[in-house]
file protein_19.cif (mmCIF, C-alpha atoms and all ligand atoms)
data_model
#
loop_
_atom_site.label_atom_id
_atom_site.label_comp_id
_atom_site.auth_asym_id
_atom_site.auth_seq_id
_atom_site.Cartn_x
_atom_site.Cartn_y
_atom_site.Cartn_z
CA MET A 1 0.00 0.00 0.00
CA SER A 2 1.31 3.49 -0.79
CA GLY A 3 0.47 7.17 -1.17
CA VAL A 4 -1.45 9.67 0.92
CA VAL A 5 -4.64 8.29 2.40
CA ASN A 6 -7.44 10.73 3.20
CA ALA A 7 -8.97 8.76 6.03
CA LYS A 8 -10.36 10.09 9.30
CA ARG A 9 -9.13 7.00 11.11
CA VAL A 10 -7.30 3.78 10.32
CA GLU A 11 -7.43 0.65 12.42
CA VAL A 12 -5.02 -2.21 11.80
CA ILE A 13 -6.33 -5.46 13.21
CA GLY A 14 -4.24 -8.51 12.42
CA GLN A 15 -3.97 -8.66 8.62
CA CYS A 16 -6.86 -6.19 8.19
CA LYS A 17 -6.65 -2.46 7.60
CA LEU A 18 -9.92 -0.60 8.13
CA TYR A 19 -10.38 3.00 6.99
CA LEU A 20 -13.03 5.46 8.17
CA GLY A 21 -13.89 7.83 5.33
CA ASP A 22 -15.09 8.14 1.75
CA CYS A 23 -13.73 5.35 -0.46
CA ILE A 24 -13.57 7.74 -3.42
CA ASP A 25 -11.02 9.84 -1.49
CA ILE A 26 -9.18 6.91 0.08
CA LEU A 27 -8.78 4.47 -2.83
CA PRO A 28 -6.29 6.56 -4.86
CA GLY A 29 -3.86 6.38 -1.91
CA LEU A 30 -3.99 2.59 -1.66
CA GLY A 31 -1.90 0.10 -3.57
CA GLN A 32 -2.99 -2.83 -5.68
CA VAL A 33 -5.47 -5.31 -4.27
CA ASP A 34 -6.11 -8.86 -5.50
CA ALA A 35 -9.89 -8.86 -5.34
CA VAL A 36 -12.85 -6.61 -4.62
CA VAL A 37 -15.84 -8.14 -2.85
CA THR A 38 -18.38 -5.48 -2.00
CA ASP A 39 -21.98 -4.53 -1.37
CA PRO A 40 -22.34 -0.84 -2.27
CA PRO A 41 -25.39 1.42 -1.82
CA TYR A 42 -27.71 0.32 -4.61
CA GLY A 43 -29.31 3.70 -5.27
CA MET A 44 -32.72 2.45 -4.21
CA ALA A 45 -33.24 4.70 -1.14
CA TYR A 46 -33.84 1.63 1.02
CA LYS A 47 -35.76 2.28 4.22
CA SER A 48 -35.63 -0.18 7.09
CA GLY A 49 -38.56 -0.04 9.43
CA HIS A 50 -39.59 -3.26 11.02
CA ASN A 51 -39.79 -1.42 14.30
CA SER A 52 -40.98 1.91 12.98
CA ALA A 53 -44.49 1.46 14.37
CA ARG A 54 -43.03 1.46 17.86
CA LYS A 55 -41.21 4.70 17.27
CA GLY A 56 -44.35 6.82 17.67
CA ALA A 57 -45.13 5.19 20.95
CA GLY A 58 -41.83 6.54 22.23
CA LYS A 59 -40.57 3.08 23.13
CA VAL A 60 -36.92 2.20 23.16
CA LEU A 61 -36.01 0.54 19.90
CA SER A 62 -34.06 -2.63 19.91
CA ARG A 63 -31.91 -3.41 16.90
CA LYS A 64 -33.02 -7.05 16.94
CA ASP A 65 -34.29 -6.51 13.46
CA GLY A 66 -33.42 -2.98 12.89
CA ASP A 67 -34.80 0.47 12.61
CA PHE A 68 -31.84 2.12 10.99
CA LYS A 69 -31.01 5.52 9.57
CA PRO A 70 -30.87 5.84 5.74
CA ILE A 71 -27.72 4.45 4.08
CA ALA A 72 -25.17 7.00 2.88
CA GLY A 73 -25.15 7.24 -0.91
CA ASP A 74 -28.33 5.19 -1.35
CA ASP A 75 -30.32 8.22 -2.54
CA LYS A 76 -28.57 8.44 -5.92
CA PRO A 77 -27.67 6.03 -8.76
CA PHE A 78 -24.52 4.04 -8.07
CA ASP A 79 -21.66 4.29 -10.59
CA PRO A 80 -19.28 1.30 -10.31
CA SER A 81 -16.70 2.63 -12.81
CA PHE A 82 -14.14 3.41 -10.08
CA ILE A 83 -14.29 -0.25 -9.01
CA PHE A 84 -13.63 -1.40 -12.59
CA ALA A 85 -10.68 1.04 -12.72
CA LEU A 86 -8.98 -0.85 -9.88
CA GLY A 87 -8.40 -3.70 -12.36
CA ALA A 88 -8.96 -6.46 -9.79
CA PRO A 89 -11.41 -9.36 -10.12
CA SER A 90 -14.57 -8.05 -8.50
CA ILE A 91 -17.85 -9.24 -7.05
CA ILE A 92 -20.47 -6.53 -6.61
CA TRP A 93 -23.69 -7.28 -4.75
CA GLY A 94 -26.85 -5.51 -5.84
CA ALA A 95 -25.43 -4.89 -9.30
CA ASN A 96 -28.78 -5.79 -10.88
CA HIS A 97 -29.82 -2.29 -9.73
CA PHE A 98 -27.29 -0.77 -12.16
CA ASN A 99 -26.92 -3.54 -14.76
CA HIS A 100 -27.03 -1.06 -17.65
CA VAL A 101 -23.41 -0.09 -16.87
CA LEU A 102 -22.02 -3.64 -16.48
CA LEU A 103 -20.02 -5.68 -18.94
CA PRO A 104 -22.26 -8.41 -20.41
CA ARG A 105 -21.66 -12.17 -20.39
CA ARG A 106 -20.15 -12.27 -16.93
CA ARG A 107 -20.87 -14.61 -14.03
CA TRP A 108 -23.78 -13.87 -11.64
CA LEU A 109 -23.95 -15.18 -8.11
CA VAL A 110 -27.42 -15.70 -6.68
CA TRP A 111 -28.27 -15.74 -2.99
CA ASN A 112 -31.50 -17.66 -2.40
CA LYS A 113 -32.83 -16.03 0.77
CA LEU A 114 -36.09 -17.98 1.03
CA CYS A 115 -34.86 -21.59 1.00
CA GLY A 116 -38.38 -22.92 0.41
CA LYS A 117 -40.20 -20.53 2.78
CA THR A 118 -43.04 -18.39 1.46
CA ALA A 119 -42.09 -15.01 0.05
CA LEU A 120 -42.63 -11.84 2.03
CA PRO A 121 -44.86 -9.22 0.36
CA SER A 122 -41.98 -6.75 0.36
CA GLY A 123 -38.39 -7.69 -0.30
CA SER A 124 -36.85 -9.93 -2.94
CA ASP A 125 -36.61 -13.72 -2.86
CA VAL A 126 -33.00 -13.54 -4.06
CA GLU A 127 -30.10 -11.11 -4.18
CA LEU A 128 -27.70 -10.94 -7.10
CA ALA A 129 -24.00 -10.26 -7.38
CA TRP A 130 -22.18 -9.50 -10.61
CA CYS A 131 -18.67 -10.91 -11.12
CA SER A 132 -16.14 -9.21 -13.36
CA GLU A 133 -14.86 -12.62 -14.48
CA PRO A 134 -16.93 -14.91 -16.69
CA GLY A 135 -18.08 -18.33 -15.50
CA PRO A 136 -21.21 -20.35 -14.81
CA ASP A 137 -23.79 -18.63 -12.63
CA ARG A 138 -23.99 -20.07 -9.12
CA ILE A 139 -26.57 -20.15 -6.32
CA PHE A 140 -26.15 -20.06 -2.54
CA ASP A 141 -28.97 -21.11 -0.21
CA HIS A 142 -29.06 -19.28 3.10
CA LEU A 143 -32.32 -18.40 4.85
CA TRP A 144 -32.76 -14.65 5.48
CA ARG A 145 -36.42 -13.76 5.65
CA GLY A 146 -37.37 -10.94 8.02
CA ILE A 147 -36.17 -12.04 11.43
CA MET A 148 -35.75 -15.65 10.24
CA ARG A 149 -32.03 -15.85 9.67
CA ALA A 150 -29.90 -18.99 9.42
CA GLY A 151 -26.60 -19.58 11.15
CA GLU A 152 -24.67 -17.13 13.26
CA GLU A 153 -26.88 -14.15 12.38
CA ASN A 154 -29.92 -15.95 13.81
CA ILE A 155 -31.71 -13.73 16.31
CA VAL A 156 -30.74 -16.16 19.08
CA HIS A 157 -27.05 -15.50 18.50
CA SER A 158 -26.83 -11.96 17.23
CA VAL A 159 -28.48 -8.59 16.75
CA LYS A 160 -28.68 -7.15 13.26
CA HIS A 161 -25.83 -4.69 12.88
CA HIS A 162 -26.72 -3.04 9.58
CA PRO A 163 -29.94 -2.72 7.52
CA ASN A 164 -28.16 -4.18 4.45
CA GLN A 165 -26.09 -6.70 6.37
CA LYS A 166 -24.96 -9.78 4.46
CA PRO A 167 -24.46 -13.18 6.10
CA VAL A 168 -20.79 -13.93 6.77
CA ALA A 169 -21.42 -17.38 5.26
CA LEU A 170 -22.44 -15.70 1.99
CA MET A 171 -19.32 -13.54 1.90
CA SER A 172 -17.16 -16.58 2.73
CA TRP A 173 -18.72 -18.35 -0.26
CA CYS A 174 -17.94 -15.34 -2.47
CA LEU A 175 -14.26 -15.46 -1.54
CA GLY A 176 -14.08 -18.83 -3.28
CA PHE A 177 -14.73 -17.06 -6.62
CA VAL A 178 -11.82 -14.59 -6.45
CA PRO A 179 -8.04 -15.11 -6.48
CA ALA A 180 -5.95 -15.42 -3.32
CA GLY A 181 -4.42 -12.30 -1.74
CA ILE A 182 -5.72 -8.97 -0.44
CA VAL A 183 -9.50 -8.54 -0.45
CA LEU A 184 -10.94 -5.02 -0.62
CA ASP A 185 -14.45 -3.99 0.44
CA PRO A 186 -14.78 -0.23 -0.16
CA PHE A 187 -18.35 -0.24 1.24
CA MET A 188 -17.68 -2.31 4.32
CA GLY A 189 -20.78 -1.49 6.39
CA SER A 190 -20.71 -3.68 9.49
CA GLY A 191 -17.72 -5.64 8.20
CA SER A 192 -19.22 -8.97 7.04
CA THR A 193 -16.68 -9.29 4.19
CA GLY A 194 -13.88 -8.56 6.65
CA VAL A 195 -15.03 -11.30 9.02
CA ALA A 196 -15.16 -13.74 6.08
CA ALA A 197 -11.64 -12.69 5.03
CA VAL A 198 -10.27 -13.20 8.54
CA ARG A 199 -11.77 -16.68 8.66
CA ALA A 200 -10.24 -17.46 5.27
CA GLY A 201 -6.83 -16.29 6.56
CA ARG A 202 -6.77 -13.50 3.96
CA PRO A 203 -5.54 -9.90 4.27
CA PHE A 204 -8.42 -7.42 4.10
CA ILE A 205 -8.89 -3.71 3.43
CA GLY A 206 -12.24 -2.21 4.39
CA ILE A 207 -13.55 1.34 3.98
CA GLU A 208 -16.68 2.76 5.60
CA LEU A 209 -18.06 6.28 5.59
CA ASP A 210 -20.33 6.03 8.61
CA GLU A 211 -18.47 6.04 11.92
CA SER A 212 -21.06 3.98 13.79
CA TYR A 213 -20.85 1.16 11.22
CA PHE A 214 -17.07 1.55 11.08
CA ASP A 215 -16.86 0.95 14.84
CA ILE A 216 -19.09 -2.12 14.53
CA ALA A 217 -16.91 -3.47 11.70
CA CYS A 218 -13.74 -2.98 13.79
CA ARG A 219 -15.29 -4.89 16.66
CA ARG A 220 -16.56 -7.73 14.47
CA VAL A 221 -13.20 -8.13 12.71
CA GLN A 222 -11.40 -8.14 16.04
CA ASP A 223 -13.86 -10.71 17.39
CA ALA A 224 -13.29 -12.86 14.30
CA TYR A 225 -9.62 -13.16 15.26
CA ARG A 226 -10.41 -13.83 18.90
CA GLN A 227 -13.29 -16.25 18.66
CA PRO A 228 -13.48 -19.63 17.01
CA ASN A 229 -16.13 -19.85 14.32
CA MET A 230 -18.86 -21.99 15.89
CA PHE A 231 -20.61 -22.35 12.55
CA ALA A 232 -17.78 -23.92 10.55
CA PRO A 233 -16.00 -27.25 11.00
CA SER A 234 -12.59 -25.57 11.07
CA GLU A 235 -11.10 -22.13 10.55
CA PRO A 236 -7.73 -20.42 10.31
CA VAL A 237 -6.63 -18.58 13.44
CA GLY A 238 -4.91 -15.22 12.95
CA PRO A 239 -3.16 -12.59 15.03
CA SER A 240 -5.25 -10.57 17.46
CA GLU A 241 -3.38 -7.39 18.26
CA GLN A 242 -4.88 -4.04 17.32
CA VAL A 243 -2.79 -0.98 16.49
CA ARG A 244 -4.34 2.47 16.30
CA PHE A 245 -3.00 5.19 14.03
CA ASP A 246 -3.47 8.92 14.39
CA LEU A 247 -4.03 10.21 10.87
CA GLU A 248 -4.01 13.92 11.65
CA GLY A 249 -1.22 14.32 9.07
CA GLY A 250 -3.20 12.39 6.43
CA ALA A 251 -0.57 9.79 5.61
CA ALA A 252 -1.08 6.12 6.44
C1 LIG B 301 -25.01 -1.91 1.44
S1 LIG B 301 -24.10 -1.31 2.80
C2 LIG B 301 -22.92 -2.59 3.14
C3 LIG B 301 -23.40 -3.57 4.19
C4 LIG B 301 -22.41 -4.70 4.46
N1 LIG B 301 -22.38 -5.64 3.36
C5 LIG B 301 -22.69 -5.43 5.74
O1 LIG B 301 -22.79 -6.68 5.74
O2 LIG B 301 -22.84 -4.76 6.77
C6 LIG B 301 -23.13 -0.05 2.05
C7 LIG B 301 -22.27 0.75 3.04
O3 LIG B 301 -21.47 1.66 2.28
C8 LIG B 301 -21.30 2.85 3.06
N2 LIG B 301 -20.92 3.91 2.13
C9 LIG B 301 -21.72 4.63 1.31
N3 LIG B 301 -21.01 5.49 0.56
C10 LIG B 301 -19.71 5.30 0.91
C11 LIG B 301 -18.48 5.86 0.47
N4 LIG B 301 -18.46 6.80 -0.48
N5 LIG B 301 -17.32 5.41 1.02
C12 LIG B 301 -17.34 4.44 1.98
N6 LIG B 301 -18.49 3.87 2.45
C13 LIG B 301 -19.64 4.28 1.92
C14 LIG B 301 -22.62 3.05 3.76
O4 LIG B 301 -22.49 3.84 4.93
C15 LIG B 301 -23.03 1.59 4.02
O5 LIG B 301 -22.69 1.22 5.34
#

call {"tool": "encode", "arguments": {"input": "protein_19.cif", "output": "structure tokens"}}
result
Amino acid sequence: MSGVVNAKRVEVIGQCKLYLGDCIDILPGLGQVDAVVTDPPYGMAYKSGHNSARKGAGKVLSRKDGDFKPIAGDDKPFDPSFIFALGAPSIIWGANHFNHVLLPRRRWLVWNKLCGKTALPSGSDVELAWCSEPGPDRIFDHLWRGIMRAGEENIVHSVKHHPNQKPVALMSWCLGFVPAGIVLDPFMGSGSTGVAAVRAGRPFIGIELDESYFDIACRRVQDAYRQPNMFAPSEPVGPSEQVRFDLEGGAA
């Protein structure tokens, strides 16, 4: 990695480097990465609100299934051209929302969220990711229907950290479609890609604009180094120290 990095904060956790700030400002200061696996704002002005009815009653909201603020950047069309310019094999979730700017005849990854359950009136049965490399389209089954969530994000084990959160199992599956080496997620959110990278023993760079999600991502990545993955038969164990950098001068 090289150059001046315009981040408000950088956290180095094991093999992961997490930046707080705008990826458009930060990416030019970073070096080459080996893969991009990301889930950007789709430009659909998504509103969470499972608990919104309780808001008026003045009750304390739990984040069990989320009443979240609007996502930064989700109020305008997403332009992925700066991701293409990185020149790394890329997987971009939600790319069906901007498919008019994608290269044709590439691989699509499909996340089947219903797994045989009935569809909800709102929300899609599947989510789609576009891959920059060609190949057969693939499907991943992982239940995620309202508060019915499979695996470690099940309500018994975890609160929902982010309105657009992806299952770590899904992001782990994605990593099998990109080459080895440094994984970049420039729209890290709550850090699901980072947790998957840690478990795969891969270096990771994450960028997030919103400080509250950045802090959650730092904690989840740190936990991924500290805790064994109860939902996988085996996992790589990595370093656990955390180093904090003061970026007042701008350079990382
Ligand atoms: C769809 S969410 C990612 C959710 C993530 N996959 C997860 O599992 O938590 C997109 C994230 O990108 C962040 N974001 C939006 N614009 C950004 C920008 N210019 N630079 C960095 N992050 C940005 C938003 O704050 C949001 O958290």

call {"tool": "atom_distance", "arguments": {"input": "protein_19.cif", "atom1": "CA of Val221 in chain A", "atom2": "CA of Ala180 in chain A"}}
result
19.0 Å

call {"tool": "residues_around", "arguments": {"input": "protein_19.cif", "residues": "Gly194 in chain A", "least_positions_apart": "4", "cutoff": "12 Å", "atoms": "all atoms listed in the file", "output": "ChimeraX atom specification"}}
result
/A:13-18,36-38,166-169,171-172,175,182-190,198-208,214,216-225

call {"tool": "write_last_selection", "arguments": {"input": "protein_19.cif", "atoms": "C-alpha atoms", "output": "short mmCIF file (atom, residue, chain, number, x, y, z; two decimals), keeping the file's coordinate frame"}}
result
data_model
loop_
_atom_site.label_atom_id
_atom_site.label_comp_id
_atom_site.auth_asym_id
_atom_site.auth_seq_id
_atom_site.Cartn_x
_atom_site.Cartn_y
_atom_site.Cartn_z
CA ILE A 13 -6.33 -5.46 13.21
CA GLY A 14 -4.24 -8.51 12.42
CA GLN A 15 -3.97 -8.66 8.62
CA CYS A 16 -6.86 -6.19 8.19
CA LYS A 17 -6.65 -2.46 7.60
CA LEU A 18 -9.92 -0.60 8.13
CA VAL A 36 -12.85 -6.61 -4.62
CA VAL A 37 -15.84 -8.14 -2.85
CA THR A 38 -18.38 -5.48 -2.00
CA LYS A 166 -24.96 -9.78 4.46
CA PRO A 167 -24.46 -13.18 6.10
CA VAL A 168 -20.79 -13.93 6.77
CA ALA A 169 -21.42 -17.38 5.26
CA MET A 171 -19.32 -13.54 1.90
CA SER A 172 -17.16 -16.58 2.73
CA LEU A 175 -14.26 -15.46 -1.54
CA ILE A 182 -5.72 -8.97 -0.44
CA VAL A 183 -9.50 -8.54 -0.45
CA LEU A 184 -10.94 -5.02 -0.62
CA ASP A 185 -14.45 -3.99 0.44
CA PRO A 186 -14.78 -0.23 -0.16
CA PHE A 187 -18.35 -0.24 1.24
CA MET A 188 -17.68 -2.31 4.32
CA GLY A 189 -20.78 -1.49 6.39
CA SER A 190 -20.71 -3.68 9.49
CA VAL A 198 -10.27 -13.20 8.54
CA ARG A 199 -11.77 -16.68 8.66
CA ALA A 200 -10.24 -17.46 5.27
CA GLY A 201 -6.83 -16.29 6.56
CA ARG A 202 -6.77 -13.50 3.96
CA PRO A 203 -5.54 -9.90 4.27
CA PHE A 204 -8.42 -7.42 4.10
CA ILE A 205 -8.89 -3.71 3.43
CA GLY A 206 -12.24 -2.21 4.39
CA ILE A 207 -13.55 1.34 3.98
CA GLU A 208 -16.68 2.76 5.60
CA PHE A 214 -17.07 1.55 11.08
CA ILE A 216 -19.09 -2.12 14.53
CA ALA A 217 -16.91 -3.47 11.70
CA CYS A 218 -13.74 -2.98 13.79
CA ARG A 219 -15.29 -4.89 16.66
CA ARG A 220 -16.56 -7.73 14.47
CA VAL A 221 -13.20 -8.13 12.71
CA GLN A 222 -11.40 -8.14 16.04
CA ASP A 223 -13.86 -10.71 17.39
CA ALA A 224 -13.29 -12.86 14.30
CA TYR A 225 -9.62 -13.16 15.26
#

call {"tool": "atom_distance", "arguments": {"input": "protein_19.cif", "atom1": "CA of Ser132 in chain A", "atom2": "CA of Ser90 in chain A"}}
result
5.2 Å

call {"tool": "atom_distance", "arguments": {"input": "protein_19.cif", "atom1": "CA of Ile24 in chain A", "atom2": "CA of Phe177 in chain A"}}
result
25.0 Å

call {"tool": "residues_around", "arguments": {"input": "protein_19.cif", "residues": "Ala7 in chain A", "least_positions_apart": "5", "cutoff": "7 Å", "atoms": "only C-alpha atoms", "output": "VMD selection string"}}
result
chain A and resid 19 to 21 26 250

call {"tool": "residues_around", "arguments": {"input": "protein_19.cif", "residues": "Arg106 in chain A", "least_positions_apart": "6", "cutoff": "9 Å", "atoms": "only C-alpha atoms", "output": "PyMOL selection string"}}
result
chain A and resi 130-137

call {"tool": "closest_residue", "arguments": {"input": "protein_19.cif", "among": "A:Phe68, A:Asn96, A:Asn229, A:Gly191", "to": "Gly151 in chain A", "atoms": "all atoms listed in the file"}}
result
A:Asn229

call {"tool": "residues_near_point", "arguments": {"input": "protein_19.cif", "point": "(-9.1, -14.0, -6.3)", "cutoff": "7 Å", "atoms": "all atoms listed in the file", "output": "NGL selection string"}}
result
:A and (34-35 or 89 or 177-181)
